[in-house]
$ cat final38.cif   # mmCIF, C-alpha atoms
data_structure
#
loop_
_atom_site.label_atom_id
_atom_site.label_comp_id
_atom_site.auth_asym_id
_atom_site.auth_seq_id
_atom_site.Cartn_x
_atom_site.Cartn_y
_atom_site.Cartn_z
CA MET A 725 -16.73 150.72 215.32
CA LYS A 726 -16.74 152.47 211.95
CA LEU A 727 -16.84 149.11 210.17
CA ARG A 728 -19.85 148.14 212.26
CA LYS A 729 -21.64 151.33 211.24
CA LEU A 730 -20.85 150.70 207.61
CA MET A 731 -22.42 147.25 207.88
CA PHE A 732 -25.77 148.92 208.66
CA VAL A 733 -25.56 150.59 205.23
CA LEU A 734 -25.22 147.28 203.35
CA PRO A 735 -28.84 145.99 203.60
CA ASN A 736 -30.15 149.50 202.92
CA LEU A 737 -28.17 149.55 199.67
CA PHE A 738 -30.16 146.52 198.50
CA THR A 739 -33.38 148.31 199.45
CA VAL A 740 -32.42 151.51 197.63
CA THR A 741 -31.50 149.46 194.56
CA SER A 742 -34.97 147.93 194.68
CA ILE A 743 -36.42 151.46 194.76
CA PHE A 744 -34.34 152.39 191.72
CA CYS A 745 -35.67 149.38 189.79
CA GLY A 746 -39.23 150.39 190.63
CA PHE A 747 -38.59 153.99 189.61
CA TYR A 748 -37.05 152.85 186.34
CA ALA A 749 -40.12 150.70 185.65
CA ILE A 750 -42.35 153.74 186.21
CA THR A 751 -40.33 155.83 183.75
CA LEU A 752 -40.67 153.09 181.13
CA CYS A 753 -44.46 153.06 181.58
CA SER A 754 -44.80 156.83 181.22
CA GLY A 755 -46.34 158.26 178.07
CA GLU A 756 -47.28 156.09 175.11
CA ALA A 757 -45.39 152.99 176.18
CA GLU A 758 -44.79 150.31 173.57
CA PRO A 759 -45.09 146.59 174.38
CA VAL A 760 -41.30 146.24 174.48
CA GLN A 761 -41.07 149.04 177.05
CA LEU A 762 -43.74 147.39 179.20
CA TYR A 763 -41.77 144.17 178.95
CA GLN A 764 -38.63 145.96 180.11
CA ALA A 765 -40.59 147.53 182.98
CA ALA A 766 -41.75 144.07 184.05
CA LEU A 767 -38.14 142.87 184.02
CA ALA A 768 -37.14 145.86 186.16
CA ILE A 769 -39.77 144.94 188.75
CA LEU A 770 -38.52 141.37 188.67
CA PHE A 771 -35.01 142.63 189.49
CA ALA A 772 -36.55 144.74 192.27
CA MET A 773 -37.96 141.51 193.75
CA PHE A 774 -34.46 140.03 193.68
CA PHE A 775 -32.92 142.92 195.62
CA ASP A 776 -35.89 143.08 198.00
CA GLY A 777 -35.49 139.40 198.79
CA PHE A 778 -31.87 139.88 199.83
CA ASP A 779 -32.00 143.03 201.96
CA GLY A 780 -33.67 141.29 204.89
CA ARG A 781 -31.42 138.26 204.64
CA VAL A 782 -28.32 140.46 204.56
CA ALA A 783 -29.60 142.36 207.61
CA ARG A 784 -30.16 139.13 209.55
CA LEU A 785 -26.83 137.71 208.43
CA THR A 786 -24.91 140.81 209.56
CA LYS A 787 -27.20 141.39 212.57
CA THR A 788 -27.97 144.92 211.41
CA GLN A 789 -31.78 144.88 211.65
CA SER A 790 -33.23 148.27 212.57
CA ASP A 791 -36.52 150.14 212.66
CA PHE A 792 -35.14 152.46 209.99
CA GLY A 793 -34.48 149.51 207.70
CA MET A 794 -37.98 148.14 208.23
CA GLN A 795 -39.63 151.47 207.40
CA LEU A 796 -37.38 151.99 204.37
CA ASP A 797 -38.21 148.49 203.14
CA SER A 798 -41.95 149.23 203.40
CA LEU A 799 -41.58 152.46 201.44
CA ALA A 800 -39.55 150.62 198.83
CA ASP A 801 -42.26 147.96 198.54
CA VAL A 802 -44.93 150.61 198.00
CA MET A 803 -42.87 152.11 195.20
CA SER A 804 -41.57 148.97 193.48
CA PHE A 805 -44.44 146.53 194.09
CA GLY A 806 -47.39 148.87 194.51
CA VAL A 807 -47.10 151.94 192.29
CA ALA A 808 -44.94 150.44 189.53
CA PRO A 809 -47.01 147.22 188.94
CA ALA A 810 -50.29 149.17 189.18
CA LEU A 811 -49.15 151.61 186.49
CA LEU A 812 -47.69 148.77 184.44
CA VAL A 813 -50.86 146.66 184.41
CA TYR A 814 -52.92 149.79 183.68
CA LYS A 815 -50.82 150.56 180.60
CA TRP A 816 -50.67 146.90 179.57
CA ALA A 817 -54.31 145.87 179.87
CA LEU A 818 -56.67 148.15 181.79
CA ALA A 819 -56.35 151.59 180.17
CA PRO A 820 -59.03 150.89 177.49
CA MET A 821 -61.53 150.11 180.28
CA GLY A 822 -61.69 153.78 181.27
CA PHE A 823 -62.62 154.60 184.85
CA TRP A 824 -62.91 150.97 185.94
CA GLY A 825 -59.46 150.17 184.66
CA LEU A 826 -58.05 153.14 186.57
CA PHE A 827 -59.96 152.17 189.71
CA ILE A 828 -58.84 148.52 189.63
CA SER A 829 -55.21 149.57 189.17
CA PHE A 830 -55.49 152.01 192.05
CA ALA A 831 -57.13 149.33 194.22
CA PHE A 832 -54.09 147.11 193.73
CA MET A 833 -51.76 149.88 194.91
CA ALA A 834 -54.02 150.90 197.83
CA CYS A 835 -54.50 147.32 199.07
CA GLY A 836 -50.76 146.76 198.87
CA ALA A 837 -50.12 149.86 200.99
CA MET A 838 -52.68 148.74 203.57
CA ARG A 839 -51.16 145.28 203.65
CA LEU A 840 -47.72 146.77 204.37
CA ALA A 841 -49.14 149.01 207.11
CA ARG A 842 -50.78 146.00 208.76
CA PHE A 843 -47.52 144.07 208.57
CA ASN A 844 -45.64 146.89 210.30
CA VAL A 845 -48.25 147.07 213.07
CA LEU A 846 -48.07 143.32 213.66
CA ALA A 847 -44.28 143.45 213.60
CA MET A 848 -44.22 146.18 216.27
CA ARG A 849 -46.60 144.21 218.48
CA ASN A 850 -44.61 141.02 218.10
CA PRO A 851 -41.55 140.91 220.39
CA HIS A 852 -39.74 138.82 217.76
CA GLY A 853 -40.43 141.32 214.99
CA GLY A 854 -42.14 140.45 211.73
CA GLY A 855 -40.67 136.98 211.50
CA GLY A 856 -42.73 133.84 211.63
CA GLY A 857 -43.80 130.81 209.71
CA PHE A 858 -46.67 132.52 207.87
CA PHE A 859 -47.59 135.84 206.30
CA VAL A 860 -51.05 137.26 207.01
CA GLY A 861 -52.35 138.08 203.57
CA LEU A 862 -50.57 137.74 200.25
CA PRO A 863 -47.22 139.61 200.38
CA ILE A 864 -47.14 142.56 197.98
CA PRO A 865 -43.92 141.44 196.21
CA LEU A 866 -45.57 138.13 195.33
CA ALA A 867 -48.75 139.86 194.16
CA ALA A 868 -46.60 142.06 191.93
CA GLY A 869 -44.73 138.95 190.80
CA VAL A 870 -47.94 137.38 189.52
CA LEU A 871 -48.67 140.41 187.33
CA VAL A 872 -45.07 140.69 186.15
CA SER A 873 -44.91 136.99 185.24
CA LEU A 874 -48.09 137.34 183.19
CA ILE A 875 -46.72 140.33 181.28
CA ILE A 876 -43.33 138.72 180.64
CA SER A 877 -44.89 135.42 179.57
CA HIS A 878 -47.37 137.08 177.23
CA HIS A 879 -44.68 139.22 175.61
CA VAL A 880 -42.36 136.27 175.01
CA ALA A 881 -45.06 133.83 173.91
CA SER A 882 -46.78 136.33 171.59
CA GLU A 883 -43.47 137.64 170.22
CA GLY A 884 -44.13 141.22 171.32
CA GLU A 885 -47.75 141.64 170.29
CA ALA A 886 -50.13 143.85 172.27
CA LEU A 887 -52.70 142.26 174.57
CA GLY A 888 -55.98 141.37 172.87
CA ASP A 889 -59.28 142.94 173.90
CA GLY A 890 -60.70 139.59 174.97
CA ALA A 891 -58.04 139.17 177.66
CA ARG A 892 -58.62 142.51 179.40
CA MET A 893 -61.52 141.37 181.56
CA PRO A 894 -59.71 138.25 182.90
CA VAL A 895 -56.71 140.45 183.73
CA ALA A 896 -59.00 142.89 185.57
CA VAL A 897 -60.50 140.02 187.57
CA ALA A 898 -57.01 138.73 188.41
CA VAL A 899 -55.88 142.17 189.59
CA GLY A 900 -58.99 142.51 191.75
CA ALA A 901 -58.45 139.06 193.26
CA LEU A 902 -54.82 139.84 194.06
CA SER A 903 -55.89 143.08 195.73
CA LEU A 904 -58.36 141.26 197.96
CA LEU A 905 -55.84 138.54 198.83
CA MET A 906 -53.35 141.16 200.04
CA VAL A 907 -55.80 142.58 202.61
CA SER A 908 -57.28 139.19 203.50
CA THR A 909 -56.33 136.96 206.43
CA VAL A 910 -55.25 134.08 204.19
CA ARG A 911 -51.99 132.68 205.56
CA TYR A 912 -49.03 132.17 203.24
CA ARG A 913 -45.85 130.37 204.17
CA THR A 914 -42.67 132.38 204.60
CA PHE A 915 -40.38 129.34 204.19
CA LYS A 916 -38.03 130.93 206.75
CA ASP A 917 -37.91 127.66 208.64
CA ALA A 918 -36.79 125.70 205.56
CA ARG A 919 -33.51 123.87 206.15
CA PRO A 920 -31.35 121.79 203.79
CA GLY A 921 -32.45 118.18 203.98
CA LEU A 922 -34.20 115.32 202.25
CA LYS A 923 -37.64 116.94 202.34
CA THR A 924 -36.36 120.26 200.98
CA GLY A 925 -34.43 118.42 198.27
CA LEU A 926 -37.53 116.48 197.20
CA VAL A 927 -39.61 119.65 197.01
CA PHE A 928 -36.93 121.34 194.91
CA LEU A 929 -36.75 118.29 192.63
CA VAL A 930 -40.53 118.30 192.11
CA LEU A 931 -40.47 122.02 191.29
CA ALA A 932 -37.62 121.54 188.83
CA LEU A 933 -39.32 118.61 187.10
CA THR A 934 -42.62 120.49 186.91
CA GLY A 935 -40.91 123.52 185.41
CA GLY A 936 -39.08 121.37 182.88
CA PHE A 937 -42.30 119.62 181.85
CA ILE A 938 -44.14 122.93 181.35
CA ALA A 939 -41.23 124.44 179.42
CA ARG A 940 -41.08 121.41 177.12
CA GLN A 941 -44.81 120.89 176.56
CA PHE A 942 -45.94 124.53 176.41
CA HIS A 943 -43.44 127.40 176.57
CA PRO A 944 -40.57 128.29 178.95
CA ALA A 945 -42.22 131.66 179.57
CA TRP A 946 -45.08 129.99 181.47
CA VAL A 947 -42.84 128.38 184.08
CA LEU A 948 -42.68 131.54 186.20
CA VAL A 949 -46.46 131.96 185.99
CA THR A 950 -46.94 128.37 187.16
CA TYR A 951 -44.71 128.84 190.19
CA PHE A 952 -46.46 132.04 191.30
CA PHE A 953 -49.94 130.60 190.86
CA ALA A 954 -48.91 127.42 192.67
CA TYR A 955 -47.94 129.57 195.66
CA LEU A 956 -51.31 131.34 195.50
CA VAL A 957 -53.25 128.08 195.42
CA MET A 958 -51.13 126.57 198.21
CA GLY A 959 -52.00 129.43 200.54
CA LEU A 960 -55.70 129.21 199.75
CA VAL A 961 -55.78 125.44 200.25
CA GLU A 962 -53.86 125.57 203.54
CA SER A 963 -56.11 128.33 204.86
CA ALA A 964 -59.24 126.42 203.86
CA VAL A 965 -57.98 123.28 205.61
CA SER A 966 -57.08 125.31 208.70
CA VAL A 967 -60.52 126.94 208.85
CA ARG A 968 -62.22 123.56 208.43
CA SER A 969 -60.12 122.06 211.23
CA ARG A 970 -60.96 124.94 213.58
CA LEU A 971 -64.67 124.65 212.83
CA ALA A 972 -64.56 120.89 213.42
CA SER A 973 -62.74 121.35 216.74
CA ARG A 974 -65.29 123.96 217.83
CA LYS A 975 -68.15 121.60 217.01
CA VAL A 976 -66.49 118.81 218.96
CA GLY A 977 -65.87 121.15 221.89
CA ALA A 978 -69.44 122.45 221.82
CA GLY A 979 -70.77 118.89 221.66
CA SER A 980 -68.67 117.86 224.67
CA VAL A 981 -69.87 120.84 226.71
CA ALA A 982 -73.48 120.11 225.77
CA ALA A 983 -73.08 116.44 226.72
CA VAL A 984 -71.61 117.38 230.09
CA ALA A 985 -74.42 119.87 230.68
CA VAL A 986 -77.08 117.31 229.80
CA ALA A 987 -75.48 114.67 232.01
CA THR A 988 -75.21 117.13 234.90
CA GLY A 989 -78.84 118.13 234.45
CA LEU A 990 -79.99 114.49 234.51
CA ASP A 991 -78.06 113.83 237.70
CA GLU A 992 -79.68 116.83 239.36
CA ASP A 993 -83.12 115.69 238.24
CA ASP A 994 -82.50 112.21 239.63
CA ASP A 995 -81.46 113.68 242.97
CA GLU A 996 -84.56 115.88 243.10
CA ASP A 997 -86.83 112.93 242.22
CA SER A 998 -85.30 110.67 244.85
CA GLU A 999 -85.61 113.12 247.73
CA PRO A 1000 -89.46 113.14 248.03
CA ASN A 1001 -89.62 109.34 247.84
CA ALA A 1002 -87.12 109.03 250.66
CA THR A 1003 -88.84 111.48 253.02
CA ASP A 1004 -92.54 111.32 252.20
CA ASP A 1005 -94.75 108.49 253.40
CA GLY A 1006 -97.45 109.10 250.80
CA PRO A 1007 -97.50 108.15 247.14
CA ALA A 1008 -94.88 109.73 244.92
CA PHE A 1009 -97.41 111.42 242.61
CA LEU A 1010 -98.94 113.58 245.43
#
$ encode --input "final38.cif" --output "structure tokens"
Amino acid sequence: MKLRKLMFVLPNLFTVTSIFCGFYAITLCSGEAEPVQLYQAALAILFAMFFDGFDGRVARLTKTQSDFGMQLDSLADVMSFGVAPALLVYKWALAPMGFWGLFISFAFMACGAMRLARFNVLAMRNPHGGGGGFFVGLPIPLAAGVLVSLIISHHVASEGEALGDGARMPVAVAVGALSLLMVSTVRYRTFKDARPGLKTGLVFLVLALTGGFIARQFHPAWVLVTYFFAYLVMGLVESAVSVRSRLASRKVGAGSVAAVAVATGLDEDDDEDSEPNATDDGPAFL
């Protein structure tokens, strides 16, 4: 019995480690942070993503899922993938923009918190918990991963130079877009139903070849950015196709109903026109 209780601690240890990584990233961003410190903070958030990705899997593997673990995981995500990346991107790119830079960084954190709150509500309403084939809205760890990959790639590719003034506005637009995607209803795959097989192997092979091509032709630092942006685009494309299919099915359904209504109306008119001719002896136009 004691061993069973100790097993409940195991997934929470991964979650607490993720919190520590986020806290460490925040300490690195405090004060007048140098580019190398911001790079280290980005790496810390990347490690937080690693531990966050394993806590749920460990809980399912050991059958130790609990409401406490779910709430702790949400608080950890707010810290490691909301507060820490928002402060990091503010120090890295948005601080010279004044109020708007502060507001955009805060919007990222606030939208991430709202996205987590919505996930918890949906998980409580779902008898099977938060599992499923799709996320509703961009998950906050992946939104943080996009920012972290940009910071890491820029630091490595530029050999530690600070971000140029001309790149601040595109970064601000990217942060705003990620914030909106987190609170949107765009569906993103969870890949929980992925199983070892030929299809999974082919997808992995394509990803590996794509990463190798980018690393060889451009720079290895851009491989991570490519993977994250590919996931973003995949969700947008799948959602657009889904919306188009639903609209097409509604049009087809509406057209069928209208056709049935028109046909029914014509039948009724024919019946009404035939009744006077059958009973009246006079001309039909009287």
$ closest_residue --input "final38.cif" --among "A:Glu758, A:Asp779, A:Ala749, A:Thr739" --to "Leu799 in chain A" --atoms "all atoms listed in the file"
A:Thr739
$ residues_around --input "final38.cif" --residues "range 960-969 of chain A" --least-positions-apart "3" --cutoff "9 Å" --atoms "all atoms listed in the file" --output "number ranges by chain"
A: 909-912, 955-957, 972-974
$ residues_around --input "final38.cif" --residues "range 874-887 of chain A" --least-positions-apart "5" --cutoff "9 Å" --atoms "all atoms listed in the file" --output "PyMOL selection string"
chain A and resi 758-760+762-764+766-767+813+816-817+869+892+943-949
$ write_last_selection --input "final38.cif" --atoms "C-alpha atoms" --output "PDB file, keeping the file's coordinate frame"
ATOM      1  CA  GLU A 758     -44.790 150.310 173.570  1.00  0.00           C
ATOM      2  CA  PRO A 759     -45.090 146.590 174.380  1.00  0.00           C
ATOM      3  CA  VAL A 760     -41.300 146.240 174.480  1.00  0.00           C
ATOM      4  CA  LEU A 762     -43.740 147.390 179.200  1.00  0.00           C
ATOM      5  CA  TYR A 763     -41.770 144.170 178.950  1.00  0.00           C
ATOM      6  CA  GLN A 764     -38.630 145.960 180.110  1.00  0.00           C
ATOM      7  CA  ALA A 766     -41.750 144.070 184.050  1.00  0.00           C
ATOM      8  CA  LEU A 767     -38.140 142.870 184.020  1.00  0.00           C
ATOM      9  CA  VAL A 813     -50.860 146.660 184.410  1.00  0.00           C
ATOM     10  CA  TRP A 816     -50.670 146.900 179.570  1.00  0.00           C
ATOM     11  CA  ALA A 817     -54.310 145.870 179.870  1.00  0.00           C
ATOM     12  CA  GLY A 869     -44.730 138.950 190.800  1.00  0.00           C
ATOM     13  CA  ARG A 892     -58.620 142.510 179.400  1.00  0.00           C
ATOM     14  CA  HIS A 943     -43.440 127.400 176.570  1.00  0.00           C
ATOM     15  CA  PRO A 944     -40.570 128.290 178.950  1.00  0.00           C
ATOM     16  CA  ALA A 945     -42.220 131.660 179.570  1.00  0.00           C
ATOM     17  CA  TRP A 946     -45.080 129.990 181.470  1.00  0.00           C
ATOM     18  CA  VAL A 947     -42.840 128.380 184.080  1.00  0.00           C
ATOM     19  CA  LEU A 948     -42.680 131.540 186.200  1.00  0.00           C
ATOM     20  CA  VAL A 949     -46.460 131.960 185.990  1.00  0.00           C
TER      21      VAL A 949
END
$ axis_aligned_box --input "final38.cif" --around "range 945-950 of chain A" --padding-each-side "3 Å" --output "AutoDock Vina command-line options"
--center_x -44.6 --center_y 130.2 --center_z 183.4 --size_x 10.7 --size_y 9.6 --size_z 13.6
$ residues_around --input "final38.cif" --residues "Ala896 in chain A" --least-positions-apart "3" --cutoff "8 Å" --atoms "all atoms listed in the file" --output "VMD selection string"
chain A and resid 817 to 818 825 828 892 to 893 899 to 900
$ residues_around --input "final38.cif" --residues "Phe953 in chain A" --least-positions-apart "5" --cutoff "10 Å" --atoms "only C-alpha atoms" --output "number ranges by chain"
A: 866-867, 869-870, 873, 948, 958-959
$ atom_distance --input "final38.cif" --atom1 "CA of Gln761 in chain A" --atom2 "CA of Leu902 in chain A"
23.7 Å
$ resolve_selection --input "final38.cif" --expression "the PyMOL selection byres ((chain A and resi 747) around 12)" --output "PyMOL selection string"
chain A and resi 740-746+748-754+765-766+768-769+771-772+800-809+811-812
$ atom_distance --input "final38.cif" --atom1 "CA of Ser908 in chain A" --atom2 "CA of Asn844 in chain A"
15.5 Å
$ closest_residue --input "final38.cif" --among "A:Met821, A:Leu770, A:Ala847, A:Ala939" --to "Gly890 in chain A" --atoms "only C-alpha atoms"
A:Met821
$ residues_around --input "final38.cif" --residues "Ala932 in chain A" --least-positions-apart "4" --cutoff "12 Å" --atoms "only C-alpha atoms" --output "number ranges by chain"
A: 925-928, 936-939, 947-948, 950-951
$ resolve_selection --input "final38.cif" --expression "the PyMOL selection byres ((chain A and resi 789) around 12)" --output "JSON list (two decimals) with C-alpha atoms, in the coordinates of the input"
[["chain", "number", "residue", "atom", "x", "y", "z"],
["A", 731, "MET", "CA", -22.42, 147.25, 207.88],
["A", 732, "PHE", "CA", -25.77, 148.92, 208.66],
["A", 733, "VAL", "CA", -25.56, 150.59, 205.23],
["A", 734, "LEU", "CA", -25.22, 147.28, 203.35],
["A", 735, "PRO", "CA", -28.84, 145.99, 203.60],
["A", 736, "ASN", "CA", -30.15, 149.50, 202.92],
["A", 779, "ASP", "CA", -32.00, 143.03, 201.96],
["A", 780, "GLY", "CA", -33.67, 141.29, 204.89],
["A", 781, "ARG", "CA", -31.42, 138.26, 204.64],
["A", 782, "VAL", "CA", -28.32, 140.46, 204.56],
["A", 783, "ALA", "CA", -29.60, 142.36, 207.61],
["A", 784, "ARG", "CA", -30.16, 139.13, 209.55],
["A", 785, "LEU", "CA", -26.83, 137.71, 208.43],
["A", 786, "THR", "CA", -24.91, 140.81, 209.56],
["A", 787, "LYS", "CA", -27.20, 141.39, 212.57],
["A", 788, "THR", "CA", -27.97, 144.92, 211.41],
["A", 790, "SER", "CA", -33.23, 148.27, 212.57],
["A", 791, "ASP", "CA", -36.52, 150.14, 212.66],
["A", 792, "PHE", "CA", -35.14, 152.46, 209.99],
["A", 793, "GLY", "CA", -34.48, 149.51, 207.70],
["A", 794, "MET", "CA", -37.98, 148.14, 208.23],
["A", 795, "GLN", "CA", -39.63, 151.47, 207.40],
["A", 796, "LEU", "CA", -37.38, 151.99, 204.37],
["A", 797, "ASP", "CA", -38.21, 148.49, 203.14],
["A", 852, "HIS", "CA", -39.74, 138.82, 217.76],
["A", 853, "GLY", "CA", -40.43, 141.32, 214.99],
["A", 854, "GLY", "CA", -42.14, 140.45, 211.73],
["A", 855, "GLY", "CA", -40.67, 136.98, 211.50]]
$ closest_residue --input "final38.cif" --among "A:Leu840, A:Val895, A:Trp824, A:Lys815" --to "Glu756 in chain A" --atoms "only C-alpha atoms"
A:Lys815
$ residues_near_point --input "final38.cif" --point "(-47.9, 133.9, 201.6)" --cutoff "7 Å" --atoms "all atoms listed in the file" --output "list of chain:residue names"
A:Phe858, A:Phe859, A:Gly861, A:Leu862, A:Pro863, A:Arg911, A:Tyr912, A:Arg913, A:Thr914, A:Gly959
$ atom_distance --input "final38.cif" --atom1 "CA of Phe942 in chain A" --atom2 "CA of Ala898 in chain A"
21.6 Å
$ closest_residue --input "final38.cif" --among "A:Gln941, A:Ser903, A:Ser798, A:Thr924" --to "Leu871 in chain A" --atoms "all atoms listed in the file"
A:Ser903
